[in-house]
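One structure is given here, and the rest of the page talks about it.
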Number of protein chains: 2
Amino acid sequence: MTRELSVGIVGATGAVGLEMARVLEQRNFPVGRLVPFASARSEGKTVRFRGEEIPVTVLSEQTLPGLDLYLFSAGASVSREFAPIAARSGVVVDNSSAFRMDPGVPLVVPEVNPDAVADHAGIIANPNCSTIQMVVAINPLHRAFGLKRVIVATYQSVSGTGLKAIDELDRQVRDYVEGREPVPSVYPYPIAFNLIPHIDVFFDSGYTKEEMKMVDETRKIMNAPDLKVCATCVRVPVFRCHSEAVVVETEKPVTVSEARSVLANAPGVEILDDPENRVYPMPRELAGTDKTYVGRIREALVFDHGIALWIVADQLRKGAALNAVQIAELLFERGLL
Amino acid sequence: MTRELSVGIVGATGAVGLEMARVLEQRNFPVGRLVPFASARSEGKTVRFRGEEIPVTVLSEQTLPGLDLYLFSAGASVSREFAPIAARSGVVVDNSSAFRMDPGVPLVVPEVNPDAVADHAGIIANPNCSTIQMVVAINPLHRAFGLKRVIVATYQSVSGTGLKAIDELDRQVRDYVEGREPVPSVYPYPIAFNLIPHIDVFFDSGYTKEEMKMVDETRKIMNAPDLKVCATCVRVPVFRCHSEAVVVETEKPVTVSEARSVLANAPGVEILDDPENRVYPMPRELAGTDKTYVGRIREALVFDHGIALWIVADQLRKGAALNAVQIAELLFERGLL
């Protein structure tokens with residue numbers, strides 16, 4: 001009989017937290033007991049797991065300890081305060097940005113750097129959603145051809161911001177249909193029928209924190225400290241799945257068919273690339289899926305050796321909840337949990 | 001007294017054609033007589049100009065000749081058939097792709113290569129919408145710092161496809177609000193809450209014709225035959241204005257403040273770039289405007305010398321109708337019309 005674990009989800013009523021419970025159930029993770037934690041605001045709410053409605057536990061120093069595994073997705077400040085407490089009794093997989101660049105904390109995408117889980121000291125960080133799907137697709141190219149430069153423009157859906165942002169887009173299109181002016185609240189401007197080239201805060205360099213996550217986290221996960229990355233991150237009026245236009249320069253020569261063959265054998269990647277039959281990844285069709293979908297594979301045209309790609313993945317699943325559960329599975333399989 | 005011209009708009013009931021009439025009126029172009037041409041399908045329709053409803057003339061070999069200036073925007077096959085006929089009596093400014101890459105036809109963006117108008121033999125081509133706004137923004141950087149490579153990802157609104165596509169997005173969001181499944185007709189897939197990385201037809205290379213227009217037309221307009229350009233063109237659920245994430249590598253060193261100062265003095269460019277105060281170009285806010293708006297100006301991070309930009313412009317105006325009328329103004333001012 002498989003050993004069963006007690007598992008806490010911190011931020012269990014959020015978009016990612018709800019998805020974490022679903023993914024644990026769908027993948028038959030050996031959960032003996034699930035404890036959904038949330039803030040006092042969510043007291044009285046329940047989280048569905050294996051057909052049962054489990055009441056949330058209000059998160060506190062007293063209620064948190066004692067479980068084997070904690071999946072955190074309640075923002076960086078909650079993680080900073082509570083993850084160290086949780087890590088005293090169990091292992092934390094943290095979906096926030098709080099510990100990602102901490103040299104003592106592994107930042108893991110199981111398809112890319114599974115062995116890094118071994119080095120944890122209680123906390124393992126789950127990367128940013130837009131980074132996860134990019135490294136799943138470009139790390140195989142890096143291993144085969146050596147990457148020198150990565151230029152990425154993102155098309156990020158509102159579910160990356162959370163349930164409130166999903167409601168905001170929904171409300172704004174209803175406002176449109178009913179002839180009302182949209183009133184933004186989650187985003188600084190209306191997101192319906194708009195594009196907002198501003199995700200997370202701005203640095204003095206003119207880059208956003210979201211863009212610099214794609215630089216720094218990619219280097220750490222791929223163990224490629226000198227890799228050059230330039231990102232432009234844009235919020236788009238799509239409910240779910242992030243999309244990315246990526247151009248890479250490689251050290252070694254690479255043809256489209258070589259790149260395609262490497263990606264066809266890459267873990268977690270599914271190629272959707274048959275332009276003649278109008279097959280390419282699109283966010284609306286891929287909501288709720290688990291792979292990183294790659295299409296529009298073609299020569300980069302601007303480099304001696306390079307490839308252009310179009311990458312789509314469900315950022316609530318592979319970009320967040322699924323990747324976190326995959327990390328927990330790795331720990332479990334390796335006897336580290 | 002200014003000489004007045006007889007002006008035909010071919011495709012006058014389309015999204016660009018209607019905008020052409022508006023732009024001619026707003027800019028006080030010396031129109032003596034306006035003749036809106038359309039296909040038999042549009043017989044009985046009128047086009048508003050200077051407060052008057054002018055009935056459309058059905059386009060034919062017989063009805064077309066005899067005017068001073070023709071603005072064509074009815075698709076490449078109509079231009080191929082009728083522009084040579086029109087060019088016998090007047091000068092044609094053609095918004096289709098039919099003649100753009102013809103070595104005998106100037107391809108003109110007045111802010112970039114105004115002098116090229118002089119070489120026309122009856123037809124002057126108006127570039128593709130996504131190309132126009134990009135060259136307005138990057139040509140000044142090319143003149144100042146020398147461009148080596150351009151990597152662009154586009155976020156193109158549905159009005160680039162025409163009035164039917166505007167209706168399709170409108171209808172699909174109403175379907176969403178009323179709980180119906182969207183039925184795509186203009187696009188191969190639903191565009192509401194989706195991204196379609198497919199604009200115009202695919203070539204064997206995996207690139208679309210839209211993407212290769214951005215390569216070939218940019219080189220021709222900027223007279224930079226060796227410039228390397230890689231484009232990914234994506235349709236987004238926005239009604240109006242195209243947006244572009246652009247990264248350029250330059251020959252010469254360039255700082256953000258040098259790039260900003262060049263762009264501040266560039267014709268047709270307006271900088272909207274004050275991240276601290278959440279100022280950056282967004283398509284929803286810029287519909288109906290005439291400039292090419294540039295923001296998010298920052299170091300490219302992937303090149304020794306390079307700049308990243310976010311560019312937004314109204315593709316019905318600067319990307320089509322306005323650029324065509326500006327070409328006509330140039331011809332008129334230079335006595336070439």
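In the structure tokens, each chain is lettered A, B, ... as it comes, each chain's residues begin at 1, and ligands are numbered from 1 in order of appearance.
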Contact residues (chain B, partner chain A, 7 Å, only C-alpha atoms) as a VMD selection string
chain B and resid 149 153 173 to 174 177 193 to 196 202 205 to 206 228 to 230 232 237 to 239 245 275 282 to 284 296 to 298 300 to 302
Just list the residues in segment 155-262 of chain A DSSP gives strand (DSSP E or B) on the backbone, as a PyMOL selection string.
chain A and resi 155-156+196+202+208+228-232+235+242-250
Residues at most 12 Å from Ser60 of chain B, counting only C-alpha atoms, excluding those fewer than 2 positions away in the same chain, as a PyMOL selection string?
chain B and resi 10+37-40+57-58+62-65+78+81-83+85-86
Quick one: superpose chain B onto chain A using all C-alpha atoms paired in order, least squares, and give it to me as a short mmCIF file (atom, residue, chain, number, x, y, z; two decimals) with C-alpha atoms, in the first residue's frame.
```cif
data_model
loop_
_atom_site.label_atom_id
_atom_site.label_comp_id
_atom_site.auth_asym_id
_atom_site.auth_seq_id
_atom_site.Cartn_x
_atom_site.Cartn_y
_atom_site.Cartn_z
CA MET B 1 -0.02 0.02 -0.09
CA THR B 2 1.23 3.49 -0.99
CA ARG B 3 2.06 5.78 1.88
CA GLU B 4 -0.43 8.63 2.04
CA LEU B 5 0.47 12.22 2.77
CA SER B 6 -1.22 15.08 4.53
CA VAL B 7 -1.28 17.98 2.07
CA GLY B 8 -2.03 21.66 2.66
CA ILE B 9 -2.97 24.10 -0.07
CA VAL B 10 -2.31 27.66 1.03
CA GLY B 11 -4.45 30.04 -1.02
CA ALA B 12 -6.89 27.21 -1.72
CA THR B 13 -9.76 29.42 -2.90
CA GLY B 14 -7.72 31.26 -5.55
CA ALA B 15 -7.58 30.36 -9.24
CA VAL B 16 -4.32 28.40 -8.83
CA GLY B 17 -5.31 26.90 -5.44
CA LEU B 18 -8.56 25.49 -6.84
CA GLU B 19 -6.61 24.07 -9.76
CA MET B 20 -4.09 22.48 -7.37
CA ALA B 21 -6.89 20.50 -5.67
CA ARG B 22 -8.18 19.40 -9.08
CA VAL B 23 -4.70 18.33 -10.26
CA LEU B 24 -3.96 16.39 -7.05
CA GLU B 25 -7.23 14.51 -7.57
CA GLN B 26 -6.84 13.95 -11.32
CA ARG B 27 -3.28 12.63 -10.97
CA ASN B 28 -4.13 10.42 -8.00
CA PHE B 29 -1.48 12.02 -5.86
CA PRO B 30 -1.35 9.99 -2.61
CA VAL B 31 -3.30 12.49 -0.50
CA GLY B 32 -4.42 11.03 2.84
CA ARG B 33 -5.80 14.31 4.11
CA LEU B 34 -6.23 17.62 2.29
CA VAL B 35 -6.28 20.86 4.26
CA PRO B 36 -7.30 23.92 2.25
CA PHE B 37 -5.94 27.08 3.88
CA ALA B 38 -7.23 30.56 3.12
CA SER B 39 -7.40 33.98 4.70
CA ALA B 40 -10.14 34.98 7.15
CA ARG B 41 -12.01 36.57 4.23
CA SER B 42 -12.68 33.08 2.86
CA GLU B 43 -13.87 31.60 6.16
CA GLY B 44 -16.92 29.42 5.56
CA LYS B 45 -15.96 28.60 1.98
CA THR B 46 -15.30 25.01 0.96
CA VAL B 47 -12.98 23.39 -1.55
CA ARG B 48 -14.14 20.36 -3.52
CA PHE B 49 -11.83 17.34 -3.41
CA ARG B 50 -12.75 13.77 -4.38
CA GLY B 51 -16.43 14.63 -4.26
CA GLU B 52 -16.23 16.12 -0.78
CA GLU B 53 -16.63 19.78 0.17
CA ILE B 54 -13.80 20.49 2.60
CA PRO B 55 -14.20 23.67 4.68
CA VAL B 56 -11.22 26.01 4.49
CA THR B 57 -8.98 26.43 7.51
CA VAL B 58 -8.05 30.03 8.28
CA LEU B 59 -4.31 30.36 7.81
CA SER B 60 -2.31 31.14 10.96
CA GLU B 61 0.89 30.14 12.71
CA GLN B 62 -1.21 27.83 14.87
CA THR B 63 -3.27 26.13 12.14
CA LEU B 64 -0.50 25.65 9.58
CA PRO B 65 2.01 23.19 11.08
CA GLY B 66 1.96 19.41 11.10
CA LEU B 67 1.46 18.39 7.45
CA ASP B 68 3.82 16.53 5.08
CA LEU B 69 3.47 18.75 2.02
CA TYR B 70 2.35 22.32 1.42
CA LEU B 71 1.47 23.84 -1.93
CA PHE B 72 1.55 27.63 -1.57
CA SER B 73 -0.17 30.00 -3.96
CA ALA B 74 -1.29 33.02 -2.00
CA GLY B 75 1.19 35.68 -3.10
CA ALA B 76 4.77 36.50 -2.14
CA SER B 77 4.07 38.18 1.20
CA VAL B 78 2.04 35.21 2.52
CA SER B 79 4.82 32.86 1.36
CA ARG B 80 7.50 34.98 3.00
CA GLU B 81 5.64 34.87 6.30
CA PHE B 82 4.28 31.33 6.35
CA ALA B 83 6.44 29.11 4.12
CA PRO B 84 9.32 29.01 6.65
CA ILE B 85 6.83 27.95 9.34
CA ALA B 86 5.37 25.23 7.12
CA ALA B 87 8.86 24.05 6.17
CA ARG B 88 9.55 23.12 9.79
CA SER B 89 7.09 20.23 9.58
CA GLY B 90 6.91 19.46 5.86
CA VAL B 91 8.13 20.38 2.41
CA VAL B 92 6.84 23.53 0.73
CA VAL B 93 6.32 23.91 -3.01
CA ASP B 94 5.84 27.65 -3.38
CA ASN B 95 4.18 29.18 -6.43
CA SER B 96 5.00 32.77 -5.47
CA SER B 97 8.04 34.80 -6.48
CA ALA B 98 9.22 35.06 -2.85
CA PHE B 99 12.03 32.49 -2.95
CA ARG B 100 12.59 31.82 -6.64
CA MET B 101 15.89 33.65 -6.96
CA ASP B 102 17.14 32.59 -3.51
CA PRO B 103 20.36 30.62 -4.20
CA GLY B 104 19.40 28.12 -1.48
CA VAL B 105 16.02 27.37 -3.00
CA PRO B 106 15.68 25.08 -6.04
CA LEU B 107 13.56 26.53 -8.86
CA VAL B 108 12.18 23.52 -10.68
CA VAL B 109 10.45 22.55 -13.89
CA PRO B 110 10.40 18.74 -13.78
CA GLU B 111 10.93 18.39 -17.56
CA VAL B 112 14.02 20.63 -17.35
CA ASN B 113 15.88 20.30 -14.04
CA PRO B 114 14.29 17.46 -12.04
CA ASP B 115 17.49 16.71 -10.15
CA ALA B 116 17.45 20.17 -8.56
CA VAL B 117 14.71 19.00 -6.18
CA ALA B 118 17.30 17.07 -4.20
CA ASP B 119 18.97 20.27 -2.97
CA HIS B 120 15.99 21.68 -1.12
CA ALA B 121 16.09 22.85 2.47
CA GLY B 122 12.34 22.72 3.02
CA ILE B 123 11.22 25.04 0.24
CA ILE B 124 11.14 24.46 -3.53
CA ALA B 125 10.02 27.30 -5.77
CA ASN B 126 7.62 26.93 -8.67
CA PRO B 127 8.60 29.31 -11.49
CA ASN B 128 6.53 32.07 -13.02
CA CYS B 129 3.86 30.84 -15.44
CA SER B 130 5.26 32.52 -18.54
CA THR B 131 8.73 31.15 -17.75
CA ILE B 132 7.62 27.54 -17.24
CA GLN B 133 6.08 27.05 -20.65
CA MET B 134 8.97 28.78 -22.38
CA VAL B 135 11.68 26.63 -20.75
CA VAL B 136 9.75 23.40 -21.40
CA ALA B 137 9.93 24.28 -25.10
CA ILE B 138 13.37 25.89 -25.40
CA ASN B 139 15.44 23.75 -23.01
CA PRO B 140 15.40 20.78 -25.42
CA LEU B 141 16.68 23.12 -28.14
CA HIS B 142 19.35 24.40 -25.72
CA ARG B 143 20.54 20.85 -24.98
CA ALA B 144 20.65 19.96 -28.68
CA PHE B 145 21.88 23.15 -30.32
CA GLY B 146 23.05 25.52 -27.55
CA LEU B 147 21.04 28.71 -27.09
CA LYS B 148 22.73 32.10 -27.28
CA ARG B 149 19.81 34.52 -27.36
CA VAL B 150 16.08 34.33 -26.65
CA ILE B 151 13.64 37.06 -27.68
CA VAL B 152 10.09 36.56 -26.42
CA ALA B 153 6.86 38.52 -26.65
CA THR B 154 4.05 37.20 -24.46
CA TYR B 155 0.29 37.22 -24.86
CA GLN B 156 -0.84 36.54 -21.27
CA SER B 157 -4.41 35.72 -20.32
CA VAL B 158 -6.27 37.27 -17.40
CA SER B 159 -6.40 34.05 -15.38
CA GLY B 160 -2.70 34.63 -14.72
CA THR B 161 -3.85 37.47 -12.48
CA GLY B 162 -6.49 35.40 -10.69
CA LEU B 163 -10.24 34.89 -10.36
CA LYS B 164 -10.93 38.62 -9.95
CA ALA B 165 -9.35 39.34 -13.31
CA ILE B 166 -11.40 36.60 -14.97
CA ASP B 167 -14.48 38.31 -13.51
CA GLU B 168 -13.24 41.69 -14.71
CA LEU B 169 -12.89 40.60 -18.34
CA ASP B 170 -16.28 38.86 -18.14
CA ARG B 171 -17.90 41.98 -16.67
CA GLN B 172 -16.29 44.30 -19.21
CA VAL B 173 -17.56 42.34 -22.22
CA ARG B 174 -21.04 42.36 -20.65
CA ASP B 175 -20.67 46.13 -20.20
CA TYR B 176 -19.77 46.36 -23.89
CA VAL B 177 -22.79 44.33 -24.99
CA GLU B 178 -25.09 46.36 -22.74
CA GLY B 179 -23.62 49.68 -23.79
CA ARG B 180 -21.92 50.60 -20.51
CA GLU B 181 -18.41 52.01 -20.13
CA PRO B 182 -16.04 49.47 -18.54
CA VAL B 183 -14.77 50.30 -15.06
CA PRO B 184 -11.34 48.79 -14.49
CA SER B 185 -10.46 47.68 -10.98
CA VAL B 186 -7.97 44.78 -11.13
CA TYR B 187 -6.05 46.29 -14.07
CA PRO B 188 -5.22 49.97 -14.43
CA TYR B 189 -7.10 50.13 -17.77
CA PRO B 190 -9.94 48.18 -19.40
CA ILE B 191 -8.70 44.79 -20.60
CA ALA B 192 -11.67 43.96 -22.86
CA PHE B 193 -10.70 44.68 -26.50
CA ASN B 194 -7.38 46.05 -25.26
CA LEU B 195 -3.74 45.10 -24.68
CA ILE B 196 -1.86 46.20 -21.57
CA PRO B 197 1.95 46.06 -21.94
CA HIS B 198 2.41 46.14 -18.19
CA ILE B 199 2.51 43.05 -15.95
CA ASP B 200 3.79 43.40 -12.37
CA VAL B 201 5.79 46.49 -11.34
CA PHE B 202 8.23 48.53 -13.41
CA PHE B 203 11.95 48.77 -12.70
CA ASP B 204 14.08 51.84 -13.51
CA SER B 205 15.42 49.98 -16.56
CA GLY B 206 11.97 50.23 -18.14
CA TYR B 207 11.46 46.47 -17.79
CA THR B 208 8.66 45.02 -15.70
CA LYS B 209 9.26 42.50 -12.96
CA GLU B 210 7.34 39.95 -15.07
CA GLU B 211 9.80 40.49 -17.94
CA MET B 212 12.83 40.17 -15.68
CA LYS B 213 11.41 36.96 -14.18
CA MET B 214 11.59 35.52 -17.68
CA VAL B 215 15.27 36.51 -17.85
CA ASP B 216 16.42 35.48 -14.39
CA GLU B 217 14.28 32.39 -13.82
CA THR B 218 15.06 30.99 -17.26
CA ARG B 219 18.80 31.24 -16.56
CA LYS B 220 18.43 29.57 -13.17
CA ILE B 221 16.15 26.71 -14.28
CA MET B 222 18.18 25.94 -17.41
CA ASN B 223 21.47 26.45 -15.55
CA ALA B 224 22.48 28.86 -18.30
CA PRO B 225 23.76 31.92 -16.42
CA ASP B 226 24.99 33.67 -19.56
CA LEU B 227 21.91 33.12 -21.70
CA LYS B 228 20.65 36.41 -23.11
CA VAL B 229 16.90 36.91 -22.84
CA CYS B 230 14.76 39.88 -23.86
CA ALA B 231 11.06 39.76 -22.93
CA THR B 232 8.05 41.94 -23.62
CA CYS B 233 5.09 40.87 -21.47
CA VAL B 234 1.60 41.89 -22.51
CA ARG B 235 -1.83 41.18 -20.99
CA VAL B 236 -4.43 40.22 -23.59
CA PRO B 237 -8.22 39.77 -23.42
CA VAL B 238 -8.11 35.97 -23.29
CA PHE B 239 -9.49 34.03 -20.33
CA ARG B 240 -7.00 31.22 -20.04
CA CYS B 241 -3.62 30.03 -21.46
CA HIS B 242 -0.56 32.14 -22.07
CA SER B 243 0.90 32.37 -25.56
CA GLU B 244 4.43 33.35 -26.56
CA ALA B 245 6.19 34.33 -29.78
CA VAL B 246 9.76 33.16 -29.25
CA VAL B 247 12.86 33.55 -31.44
CA VAL B 248 16.08 31.82 -30.42
CA GLU B 249 19.60 32.02 -31.76
CA THR B 250 21.57 28.78 -31.47
CA GLU B 251 25.31 28.09 -31.31
CA LYS B 252 25.07 25.13 -33.66
CA PRO B 253 23.37 25.00 -37.04
CA VAL B 254 19.75 23.92 -36.77
CA THR B 255 17.16 23.14 -39.41
CA VAL B 256 13.43 23.28 -38.93
CA SER B 257 13.19 19.52 -39.23
CA GLU B 258 15.97 18.99 -36.66
CA ALA B 259 14.24 21.37 -34.24
CA ARG B 260 10.94 19.62 -34.85
CA SER B 261 12.45 16.24 -34.20
CA VAL B 262 14.04 17.40 -30.92
CA LEU B 263 10.72 18.92 -29.80
CA ALA B 264 8.78 15.82 -30.83
CA ASN B 265 10.82 13.85 -28.31
CA ALA B 266 10.86 16.48 -25.59
CA PRO B 267 9.03 15.70 -22.33
CA GLY B 268 5.88 17.72 -21.79
CA VAL B 269 5.89 19.14 -25.32
CA GLU B 270 3.25 18.52 -27.94
CA ILE B 271 3.76 19.83 -31.44
CA LEU B 272 0.72 21.37 -33.13
CA ASP B 273 2.24 22.53 -36.38
CA ASP B 274 0.50 21.78 -39.64
CA PRO B 275 -0.16 25.19 -41.19
CA GLU B 276 -1.64 23.74 -44.37
CA ASN B 277 -4.43 22.26 -42.29
CA ARG B 278 -4.64 25.32 -40.03
CA VAL B 279 -3.10 23.51 -37.10
CA TYR B 280 -1.28 25.76 -34.63
CA PRO B 281 -1.68 26.26 -30.88
CA MET B 282 -4.44 28.66 -29.78
CA PRO B 283 -5.30 29.56 -26.18
CA ARG B 284 -9.07 29.19 -26.53
CA GLU B 285 -8.73 25.56 -27.63
CA LEU B 286 -6.10 24.56 -25.11
CA ALA B 287 -7.65 25.68 -21.81
CA GLY B 288 -7.60 22.82 -19.33
CA THR B 289 -4.78 20.90 -21.00
CA ASP B 290 -1.48 19.82 -19.47
CA LYS B 291 1.14 19.99 -22.22
CA THR B 292 3.20 22.84 -23.59
CA TYR B 293 2.02 23.20 -27.18
CA VAL B 294 4.47 24.35 -29.84
CA GLY B 295 3.72 25.40 -33.39
CA ARG B 296 4.77 27.80 -36.14
CA ILE B 297 8.24 26.20 -36.04
CA ARG B 298 10.39 27.96 -38.64
CA GLU B 299 13.83 29.41 -39.36
CA ALA B 300 14.47 32.60 -37.43
CA LEU B 301 15.64 34.57 -40.54
CA VAL B 302 17.66 37.02 -38.40
CA PHE B 303 20.42 34.74 -37.17
CA ASP B 304 22.95 32.45 -38.84
CA HIS B 305 21.36 29.67 -36.81
CA GLY B 306 18.02 30.11 -35.13
CA ILE B 307 14.41 29.04 -34.79
CA ALA B 308 11.11 30.86 -34.30
CA LEU B 309 8.30 29.24 -32.29
CA TRP B 310 4.76 29.91 -31.06
CA ILE B 311 4.15 28.40 -27.63
CA VAL B 312 0.83 28.04 -25.79
CA ALA B 313 0.11 26.43 -22.42
CA ASP B 314 -2.57 26.59 -19.74
CA GLN B 315 -0.87 28.80 -17.19
CA LEU B 316 -3.13 27.66 -14.34
CA ARG B 317 -2.11 24.05 -15.01
CA LYS B 318 1.39 23.66 -16.49
CA GLY B 319 2.17 27.27 -15.60
CA ALA B 320 1.24 26.83 -11.95
CA ALA B 321 -0.78 24.03 -10.30
CA LEU B 322 0.36 21.13 -12.46
CA ASN B 323 4.04 22.07 -12.27
CA ALA B 324 3.76 22.33 -8.47
CA VAL B 325 2.15 18.89 -8.21
CA GLN B 326 4.74 17.45 -10.62
CA ILE B 327 7.44 18.74 -8.26
CA ALA B 328 5.65 17.03 -5.35
CA GLU B 329 5.47 13.80 -7.39
CA LEU B 330 9.22 13.99 -8.05
CA LEU B 331 9.91 14.44 -4.34
CA PHE B 332 7.63 11.54 -3.52
CA GLU B 333 9.11 9.19 -6.13
CA ARG B 334 12.63 9.99 -4.96
CA GLY B 335 11.79 9.44 -1.32
CA LEU B 336 12.39 13.10 -0.51
CA LEU B 337 8.94 13.62 0.98
#
```
Using DSSP on the backbone, list every residue of segment 65-143 of chain A that comes out as alpha helix (DSSP H), and give them as a PyMOL selection string.
chain A and resi 76-89+129-143
Take the residues that were just selected and, keeping C-alpha atoms, output them as a CSV table (one decimal), in the first residue's frame.
```
chain,number,residue,atom,x,y,z
A,76,ALA,CA,4.8,36.5,-2.2
A,77,SER,CA,4.1,38.2,1.2
A,78,VAL,CA,2.0,35.2,2.5
A,79,SER,CA,4.8,32.9,1.4
A,80,ARG,CA,7.5,35.0,3.0
A,81,GLU,CA,5.6,34.9,6.3
A,82,PHE,CA,4.3,31.3,6.4
A,83,ALA,CA,6.4,29.1,4.1
A,84,PRO,CA,9.3,29.0,6.7
A,85,ILE,CA,6.8,27.9,9.3
A,86,ALA,CA,5.4,25.2,7.1
A,87,ALA,CA,8.9,24.0,6.2
A,88,ARG,CA,9.5,23.1,9.8
A,89,SER,CA,7.1,20.2,9.6
A,129,CYS,CA,3.9,30.8,-15.4
A,130,SER,CA,5.3,32.5,-18.5
A,131,THR,CA,8.7,31.1,-17.8
A,132,ILE,CA,7.6,27.5,-17.2
A,133,GLN,CA,6.1,27.0,-20.7
A,134,MET,CA,9.0,28.8,-22.4
A,135,VAL,CA,11.7,26.6,-20.8
A,136,VAL,CA,9.8,23.4,-21.4
A,137,ALA,CA,9.9,24.3,-25.1
A,138,ILE,CA,13.4,25.9,-25.4
A,139,ASN,CA,15.4,23.7,-23.0
A,140,PRO,CA,15.4,20.8,-25.4
A,141,LEU,CA,16.7,23.1,-28.2
A,142,HIS,CA,19.3,24.4,-25.7
A,143,ARG,CA,20.5,20.8,-25.0
```
